[in-house]
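One structure below.
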Amino acid sequence: MNNYEGVICVLKPPGMTSSDAVTDVRRVFNEKRVGHTGTLDPAAAGVLPICLGRATRLFDFLVDKRKEYIAELVLGEATDTEDATGTVTASCDRVFSAEEIENALRGFIGEVTQTPPIYSALNVNGEKLYKLARRGEVTEALEDKKRVITVYEAELLRETGENRFLIRIVCSKGTYIRTLCKDIGAAVGAPAYMGFLLRTRSGAFTLEDSYSIAELAELRGEGRLGEALIPMDKAIPHIPALDVTDLPKKKKDLLIHGAAVKFEHDGGDVSRIYADGEFLGLGSVKNGQLRITHWLGPETHQLKGMKIEGRVVENNHIGRTIGFPTANLEKIPVKLLPPEGVYATAAELGGRVYPGITSIGFNPTVGGRELTVETNLIGFEGDCYGERLTVRFIERLRGMIKFASLEELKAQLERDRAASLVIYEKYAREEREKARKGANSQNI
């Protein structure tokens with residue numbers, strides 16, 4: 001069972017919205033936890049980083065990075081959208097030279113105050129500004145929405161035609177290149193708009209890292225989809241790395257399970273934490289204490305040795321109606337539970353151990369409102385209400401998903417059961433081997 005986690009760079013074509021790209025990536029990777037790190041205008045093309053799985057926890061560390069664009073600056077006309085899709089609102093006949101544009105670009109390097117275009121995705125009172133503009137409720141730029149952005153580099157690449165210039169811009173997040181083109185025109189005394197836009201870099205991600213949706217679909221058909229995925233730690237190279245390989249095993253285990261451990265070496269506010277060459281997540285060193293704040297390492301590490309025990313109580317019997325009866329545990333303190341999701345488990349009941357599928361969450365498909373812990377004991381038949389159940393967690397199968405119907409839920413549970421059986425068999429073999437070695441050592 002593939003659990004894709006990391007960042008995928010989509011080569012977004014003109015005409016596709018950022019939300020469309022997220023939907024397509026979700027479909028190709030069959031992963032529900034998907035989100036982009038910042039929108040790219042529908043008319044624009046280029047690099048759109050999209051996070052999958054636990055990489056969605058990296059949003060805050062990815063969105064503030066520099067962007068690089070190549071845009072066509074068109075002088076002599078202005079449009080209401082500030083790009084080529086709009087209606088012409090002003091024009092002039094003057095012809096401008098490359099030298100004039102180069103001089104104007106130099107004046108935009110540094111901090112620049114921008115007024116967002118009315119045809120933008122900016123939220124105003126809970127609604128997208130472009131929707132208000134289309135309804136005629138907003139007809140002029142909102143001065144109270146001005147923002148300060150930074151232009152790090154601005155250069156003229158070449159002149160592509162009369163009053164048409166190809167420019168390269170490196171800027172901070174939140175920059176409207178359309179507005180920048182309009183303002184460059186104003187600096188030389190002419191109406192202007194953005195002819196086209198290509199984002200060539202977003203943070204560490206470039207065009208060379210990017211794949212079209214069609215290329216991703218082809219890789220999936222070849223069983224090579226993982227090749228396109230950028231691992232979580234490689235997606236944040238700007239965050240310093242901290243190697244804790246020299247930690248004793250006891251301290252390492254404490255660190256993995258969320259505890260702070262004494263650590264004498266220097267560390268920043270945020271570091272990529274590695275142990276024995278393995279990426280564990282993001283953490284910090286404060287007052288001589290190291291703690292992992294964002295666990296991104298193998299989930300099996302945190303699950304190792306994790307178990308819960310409780311009494312089986314009656315619930316809504318929905319599982320039984322679709323052929324997956326579950327043993328529902330009485331309320332377990334949240335701090336004792338792993339994150340919400342579906343897990344392959346080993347469940348001990350009445351002195352016998354069964355492979356199991358354990359769900360921790362709010363059962364979104366049936367509108368659940370309370371956190372439940374439910375285990376389907378594979379191979380068990382009968383009534384176990386009131387009995388004690390011990391559940392040992394082996395491996396996370398997936399996150400919680402809201403299905404369109406109970407039939408879709410049943411089909412997914414069939415897949416979960418098949419995957420859980422494979423995982424349990426491996427776990428059982430390892431446990432038998434440990435027991436054998438333990439018995440041999442006692443006989444020596």
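Each chain in the structure tokens gets a letter, A, B, ..., in the order shown, and its residues are numbered from 1; ligands are numbered from 1 in order too.
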Go through stretch 229-283 of chain A and flag each residue having an atom no more than 12 Å from stretch 58-66 of chain A; for those, report the closest pair of atoms plus their distance in Å to one decimal, using only C-alpha atoms, ordered by chain and rising number, as a tab-separated table.
residue	atom	partner	partner_atom	distance
A:Pro231	CA	A:Leu58	CA	11.7
A:Met232	CA	A:Leu58	CA	8.2
A:Asp233	CA	A:Leu58	CA	9.8
A:Lys234	CA	A:Leu58	CA	11.7
A:Ala235	CA	A:Leu62	CA	8.3
A:Ile236	CA	A:Leu62	CA	7.2
A:Pro237	CA	A:Leu62	CA	10.3
A:His238	CA	A:Phe61	CA	9.2
A:Ile239	CA	A:Phe61	CA	8.5
A:Val270	CA	A:Phe61	CA	9.8
A:Ser271	CA	A:Phe61	CA	11.2
A:Arg272	CA	A:Phe61	CA	11.5
A:Gly281	CA	A:Leu58	CA	10.2
A:Leu282	CA	A:Leu58	CA	9.5
Secondary structure check, strand (DSSP E or B) residues of stretch 157-245 of chain A, as JSON, numbers by chain
{"A": [157, 158, 159, 160, 161, 164, 165, 166, 167, 168, 169, 170, 171, 192, 193, 194, 195, 196, 197, 198, 199, 200, 201, 202, 205, 206, 210, 211, 230, 241, 242, 243]}
Please provide the set of residues having any atom within 12 Å of A:Val124, restricted to only C-alpha atoms, with same-chain residues fewer than 6 positions apart removed, written as a PyMOL selection string.
chain A and resi 116+118+130-133+137-138+142+144-145
Produce a file of the selected residues containing N, CA and C atoms, as a compact mmCIF listing (two decimals), in the first residue's frame.
# COMPACT_ATOMS: atom_id res chain seq x y z
N PRO A 116 -3.56 45.55 -4.28
CA PRO A 116 -3.98 44.36 -5.02
C PRO A 116 -5.03 44.67 -6.07
N ILE A 118 -8.40 44.36 -8.32
CA ILE A 118 -9.74 43.95 -7.89
C ILE A 118 -10.09 42.56 -8.39
N TYR A 130 -12.37 38.94 -6.57
CA TYR A 130 -12.75 38.88 -7.98
C TYR A 130 -14.24 38.59 -8.16
N LYS A 131 -14.84 37.89 -7.20
CA LYS A 131 -16.28 37.63 -7.28
C LYS A 131 -17.07 38.91 -7.07
N LEU A 132 -16.60 39.73 -6.14
CA LEU A 132 -17.25 41.02 -5.91
C LEU A 132 -17.11 41.91 -7.13
N ALA A 133 -15.93 41.86 -7.78
CA ALA A 133 -15.69 42.68 -8.97
C ALA A 133 -16.58 42.25 -10.13
N GLU A 137 -19.79 44.93 -7.51
CA GLU A 137 -19.83 45.47 -6.16
C GLU A 137 -18.53 46.18 -5.79
N VAL A 138 -17.46 45.87 -6.50
CA VAL A 138 -16.19 46.56 -6.33
C VAL A 138 -15.71 46.98 -7.71
N LEU A 142 -8.90 48.68 -3.73
CA LEU A 142 -9.13 48.96 -2.32
C LEU A 142 -7.84 49.46 -1.67
N ASP A 144 -7.24 50.42 1.24
CA ASP A 144 -6.96 49.94 2.59
C ASP A 144 -6.33 48.54 2.58
N LYS A 145 -6.24 47.94 1.40
CA LYS A 145 -5.63 46.62 1.29
C LYS A 145 -4.19 46.69 0.77
Residue contacts of stretch 23-29 of chain A (10 Å, only C-alpha atoms) excluding same-chain residues fewer than 2 positions away, as a ChimeraX atom specification:
/A:2-5,8,10,17-21,31-35,50-52,213-214,216-221,225-226
Store the residues of this selection in a file with C-alpha atoms, as a short mmCIF file (atom, residue, chain, number, x, y, z; two decimals), in the first residue's frame.
data_model
loop_
_atom_site.label_atom_id
_atom_site.label_comp_id
_atom_site.auth_asym_id
_atom_site.auth_seq_id
_atom_site.Cartn_x
_atom_site.Cartn_y
_atom_site.Cartn_z
CA ASN A 2 1.58 3.27 -1.12
CA ASN A 3 1.50 6.19 1.31
CA TYR A 4 2.90 9.10 -0.64
CA GLU A 5 4.39 11.89 1.45
CA ILE A 8 5.23 17.38 -5.89
CA VAL A 10 3.15 20.60 -10.79
CA THR A 17 -6.72 27.00 -11.30
CA SER A 18 -4.53 26.06 -8.35
CA SER A 19 -7.52 24.24 -6.85
CA ASP A 20 -7.89 22.22 -10.07
CA ALA A 21 -4.24 21.18 -9.77
CA GLU A 31 -4.14 10.86 -1.28
CA LYS A 32 -6.66 13.00 0.59
CA ARG A 33 -4.18 15.20 2.47
CA VAL A 34 -3.15 17.52 -0.36
CA GLY A 35 -2.68 21.29 -0.53
CA ILE A 50 1.81 20.82 -3.78
CA CYS A 51 2.22 19.01 -0.45
CA LEU A 52 1.04 15.43 0.07
CA ILE A 213 -0.54 16.18 -14.68
CA ALA A 214 -0.30 14.01 -17.80
CA LEU A 216 2.30 12.17 -13.40
CA ALA A 217 -0.50 9.96 -14.72
CA GLU A 218 1.99 8.24 -17.02
CA LEU A 219 4.41 7.63 -14.13
CA ARG A 220 1.57 6.14 -12.10
CA GLY A 221 0.78 3.73 -14.93
CA LEU A 225 5.05 7.76 -9.29
CA GLY A 226 7.33 7.97 -6.26
#
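The nearest approach to A:Val353 among the residues A:Glu425, A:Glu370, A:Glu159, A:Glu102, with only C-alpha atoms taken into account, belongs to A:Glu425.
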Selection: 9 Å around A:Gly350, only C-alpha atoms, excl. self and same-chain fewer than 6 positions, as a PyMOL selection string:
chain A and resi 387-389
Nearest residue to A:Glu381 out of A:Leu349, A:Val148, A:Leu397, A:Leu40, using only C-alpha atoms?
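Of A:Leu349, A:Val148, A:Leu397, A:Leu40, the one nearest A:Glu381 is A:Leu349, counting only C-alpha atoms.
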List every residue of stretch 19-218 of chain A that DSSP, applied to the backbone, labels as alpha helix (DSSP H), and write the result as a PyMOL selection string.
chain A and resi 19-29+59-62+98-106+129-134+177-187+213-218
Write out as a PDB file with N, CA and C atoms, in the first residue's frame the residues lying within 9 Å of A:Tyr427, counting only C-alpha atoms and excluding same-chain residues fewer than 5 positions away.
ATOM      1  N   ALA A 346      -2.523  -5.333  16.331  1.00  0.00           N
ATOM      2  CA  ALA A 346      -2.643  -6.673  16.903  1.00  0.00           C
ATOM      3  C   ALA A 346      -3.536  -6.523  18.123  1.00  0.00           C
ATOM      4  N   ILE A 394       0.738  -1.278  15.011  1.00  0.00           N
ATOM      5  CA  ILE A 394       1.863  -1.755  14.206  1.00  0.00           C
ATOM      6  C   ILE A 394       2.251  -0.726  13.148  1.00  0.00           C
ATOM      7  N   VAL A 422      -1.281  -8.458   5.715  1.00  0.00           N
ATOM      8  CA  VAL A 422       0.118  -8.573   5.282  1.00  0.00           C
ATOM      9  C   VAL A 422       1.043  -8.006   6.358  1.00  0.00           C
ATOM     10  N   ARG A 432       7.656 -13.809  16.885  1.00  0.00           N
ATOM     11  CA  ARG A 432       8.048 -15.215  17.139  1.00  0.00           C
ATOM     12  C   ARG A 432       9.563 -15.354  17.155  1.00  0.00           C
TER      13      ARG A 432
END
Contacts of stretch 71-82 of chain A at 8 Å or less, counting only C-alpha atoms, minus same-chain residues fewer than 5 places along, as a VMD selection string?
chain A and resid 87 to 96 117 to 119 163 to 169 177 to 179 181 to 182 185 190 to 198
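Nearest residue to A:Leu180, choosing from A:Ala104, A:Val7, A:Ala404, A:Val261 and counting only C-alpha atoms: A:Ala104.
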Sorted by chain and rising residue number, which residues of stretch 149-204 of chain A lie within 10 Å of stretch 67-70 of chain A, and what are their closest atom pairs and distances in Å to one decimal, counting only C-alpha atoms, as a tab-separated table?
residue	atom	partner	partner_atom	distance
A:Val151	CA	A:Lys67	CA	9.7
A:Tyr152	CA	A:Glu68	CA	9.6
A:Glu153	CA	A:Glu68	CA	8.9
A:Ala154	CA	A:Tyr69	CA	9.8
A:Glu155	CA	A:Ile70	CA	9.7
A:Leu156	CA	A:Ile70	CA	9.7
A:Leu157	CA	A:Ile70	CA	8.9
A:Leu166	CA	A:Ile70	CA	6.9
A:Ile167	CA	A:Ile70	CA	5.7
A:Arg168	CA	A:Ile70	CA	4.5
A:Ile169	CA	A:Tyr69	CA	5.2
A:Val170	CA	A:Glu68	CA	4.4
A:Cys171	CA	A:Lys67	CA	5.5
A:Ser172	CA	A:Lys67	CA	6.2
A:Lys173	CA	A:Lys67	CA	6.7
A:Gly174	CA	A:Lys67	CA	9.5
A:Thr175	CA	A:Lys67	CA	8.9
A:Ile177	CA	A:Tyr69	CA	8.2
A:Phe196	CA	A:Ile70	CA	8.4
A:Leu197	CA	A:Ile70	CA	6.0
A:Leu198	CA	A:Ile70	CA	5.2
A:Arg199	CA	A:Tyr69	CA	4.4
A:Thr200	CA	A:Tyr69	CA	5.5
A:Arg201	CA	A:Glu68	CA	4.8
A:Ser202	CA	A:Lys67	CA	4.5
A:Gly203	CA	A:Lys67	CA	6.0
A:Ala204	CA	A:Lys67	CA	9.1
Dump of N, CA and C atoms for the selected residues, as a PDB file, in the first residue's frame:
ATOM      1  N   VAL A 151      10.964  43.400  -4.017  1.00  0.00           N
ATOM      2  CA  VAL A 151      11.508  42.946  -5.296  1.00  0.00           C
ATOM      3  C   VAL A 151      13.016  42.838  -5.127  1.00  0.00           C
ATOM      4  N   TYR A 152      13.544  41.620  -5.228  1.00  0.00           N
ATOM      5  CA  TYR A 152      14.976  41.397  -5.031  1.00  0.00           C
ATOM      6  C   TYR A 152      15.759  41.610  -6.322  1.00  0.00           C
ATOM      7  N   GLU A 153      15.179  41.198  -7.412  1.00  0.00           N
ATOM      8  CA  GLU A 153      15.838  41.360  -8.718  1.00  0.00           C
ATOM      9  C   GLU A 153      14.782  41.726  -9.753  1.00  0.00           C
ATOM     10  N   ALA A 154      15.159  42.603 -10.683  1.00  0.00           N
ATOM     11  CA  ALA A 154      14.270  42.978 -11.789  1.00  0.00           C
ATOM     12  C   ALA A 154      15.147  43.297 -12.989  1.00  0.00           C
ATOM     13  N   GLU A 155      15.013  42.496 -14.045  1.00  0.00           N
ATOM     14  CA  GLU A 155      15.859  42.725 -15.218  1.00  0.00           C
ATOM     15  C   GLU A 155      15.082  42.556 -16.515  1.00  0.00           C
ATOM     16  N   LEU A 156      15.523  43.282 -17.511  1.00  0.00           N
ATOM     17  CA  LEU A 156      14.942  43.156 -18.847  1.00  0.00           C
ATOM     18  C   LEU A 156      15.681  42.031 -19.577  1.00  0.00           C
ATOM     19  N   LEU A 157      14.949  41.046 -20.050  1.00  0.00           N
ATOM     20  CA  LEU A 157      15.570  39.952 -20.792  1.00  0.00           C
ATOM     21  C   LEU A 157      15.709  40.293 -22.267  1.00  0.00           C
ATOM     22  N   LEU A 166      10.137  41.327 -22.362  1.00  0.00           N
ATOM     23  CA  LEU A 166      10.199  40.165 -21.491  1.00  0.00           C
ATOM     24  C   LEU A 166      11.046  40.533 -20.276  1.00  0.00           C
ATOM     25  N   ILE A 167      10.473  40.399 -19.080  1.00  0.00           N
ATOM     26  CA  ILE A 167      11.195  40.772 -17.869  1.00  0.00           C
ATOM     27  C   ILE A 167      11.257  39.600 -16.903  1.00  0.00           C
ATOM     28  N   ARG A 168      12.305  39.617 -16.073  1.00  0.00           N
ATOM     29  CA  ARG A 168      12.454  38.583 -15.029  1.00  0.00           C
ATOM     30  C   ARG A 168      12.385  39.279 -13.677  1.00  0.00           C
ATOM     31  N   ILE A 169      11.554  38.720 -12.791  1.00  0.00           N
ATOM     32  CA  ILE A 169      11.344  39.312 -11.477  1.00  0.00           C
ATOM     33  C   ILE A 169      11.578  38.259 -10.403  1.00  0.00           C
ATOM     34  N   VAL A 170      12.366  38.594  -9.395  1.00  0.00           N
ATOM     35  CA  VAL A 170      12.511  37.770  -8.199  1.00  0.00           C
ATOM     36  C   VAL A 170      11.939  38.583  -7.047  1.00  0.00           C
ATOM     37  N   CYS A 171      10.955  38.020  -6.340  1.00  0.00           N
ATOM     38  CA  CYS A 171      10.226  38.822  -5.366  1.00  0.00           C
ATOM     39  C   CYS A 171       9.775  37.992  -4.176  1.00  0.00           C
ATOM     40  N   SER A 172       9.191  38.665  -3.209  1.00  0.00           N
ATOM     41  CA  SER A 172       8.672  37.992  -2.019  1.00  0.00           C
ATOM     42  C   SER A 172       7.291  37.433  -2.301  1.00  0.00           C
ATOM     43  N   LYS A 173       6.787  36.612  -1.391  1.00  0.00           N
ATOM     44  CA  LYS A 173       5.434  36.074  -1.528  1.00  0.00           C
ATOM     45  C   LYS A 173       4.435  37.230  -1.494  1.00  0.00           C
ATOM     46  N   GLY A 174       3.286  37.005  -2.102  1.00  0.00           N
ATOM     47  CA  GLY A 174       2.241  38.012  -2.074  1.00  0.00           C
ATOM     48  C   GLY A 174       2.374  39.096  -3.111  1.00  0.00           C
ATOM     49  N   THR A 175       3.390  38.979  -3.995  1.00  0.00           N
ATOM     50  CA  THR A 175       3.583  40.003  -5.031  1.00  0.00           C
ATOM     51  C   THR A 175       2.644  39.744  -6.206  1.00  0.00           C
ATOM     52  N   ILE A 177       2.366  40.287  -9.896  1.00  0.00           N
ATOM     53  CA  ILE A 177       3.178  40.684 -11.044  1.00  0.00           C
ATOM     54  C   ILE A 177       2.343  41.539 -12.003  1.00  0.00           C
ATOM     55  N   PHE A 196       1.697  37.811 -20.375  1.00  0.00           N
ATOM     56  CA  PHE A 196       1.641  36.432 -19.875  1.00  0.00           C
ATOM     57  C   PHE A 196       2.579  36.313 -18.694  1.00  0.00           C
ATOM     58  N   LEU A 197       2.443  35.226 -17.952  1.00  0.00           N
ATOM     59  CA  LEU A 197       3.263  35.031 -16.760  1.00  0.00           C
ATOM     60  C   LEU A 197       3.672  33.575 -16.643  1.00  0.00           C
ATOM     61  N   LEU A 198       4.952  33.358 -16.367  1.00  0.00           N
ATOM     62  CA  LEU A 198       5.496  32.029 -16.118  1.00  0.00           C
ATOM     63  C   LEU A 198       6.260  32.066 -14.812  1.00  0.00           C
ATOM     64  N   ARG A 199       5.839  31.257 -13.838  1.00  0.00           N
ATOM     65  CA  ARG A 199       6.615  31.165 -12.594  1.00  0.00           C
ATOM     66  C   ARG A 199       7.678  30.101 -12.786  1.00  0.00           C
ATOM     67  N   THR A 200       8.924  30.514 -12.696  1.00  0.00           N
ATOM     68  CA  THR A 200      10.038  29.605 -12.945  1.00  0.00           C
ATOM     69  C   THR A 200      10.642  29.033 -11.665  1.00  0.00           C
ATOM     70  N   ARG A 201      10.328  29.646 -10.533  1.00  0.00           N
ATOM     71  CA  ARG A 201      10.857  29.155  -9.256  1.00  0.00           C
ATOM     72  C   ARG A 201       9.917  29.570  -8.126  1.00  0.00           C
ATOM     73  N   SER A 202       9.737  28.655  -7.178  1.00  0.00           N
ATOM     74  CA  SER A 202       9.007  28.958  -5.946  1.00  0.00           C
ATOM     75  C   SER A 202       9.805  28.364  -4.810  1.00  0.00           C
ATOM     76  N   GLY A 203      10.511  29.231  -4.072  1.00  0.00           N
ATOM     77  CA  GLY A 203      11.419  28.729  -3.046  1.00  0.00           C
ATOM     78  C   GLY A 203      12.515  27.898  -3.679  1.00  0.00           C
ATOM     79  N   ALA A 204      12.649  26.651  -3.233  1.00  0.00           N
ATOM     80  CA  ALA A 204      13.693  25.760  -3.769  1.00  0.00           C
ATOM     81  C   ALA A 204      13.226  24.997  -5.000  1.00  0.00           C
TER      82      ALA A 204
END
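Counting only C-alpha atoms and comparing A:Tyr385, A:Pro14, A:Asn363, A:Ile378, the residue that lies closest to A:Phe403 is A:Asn363.
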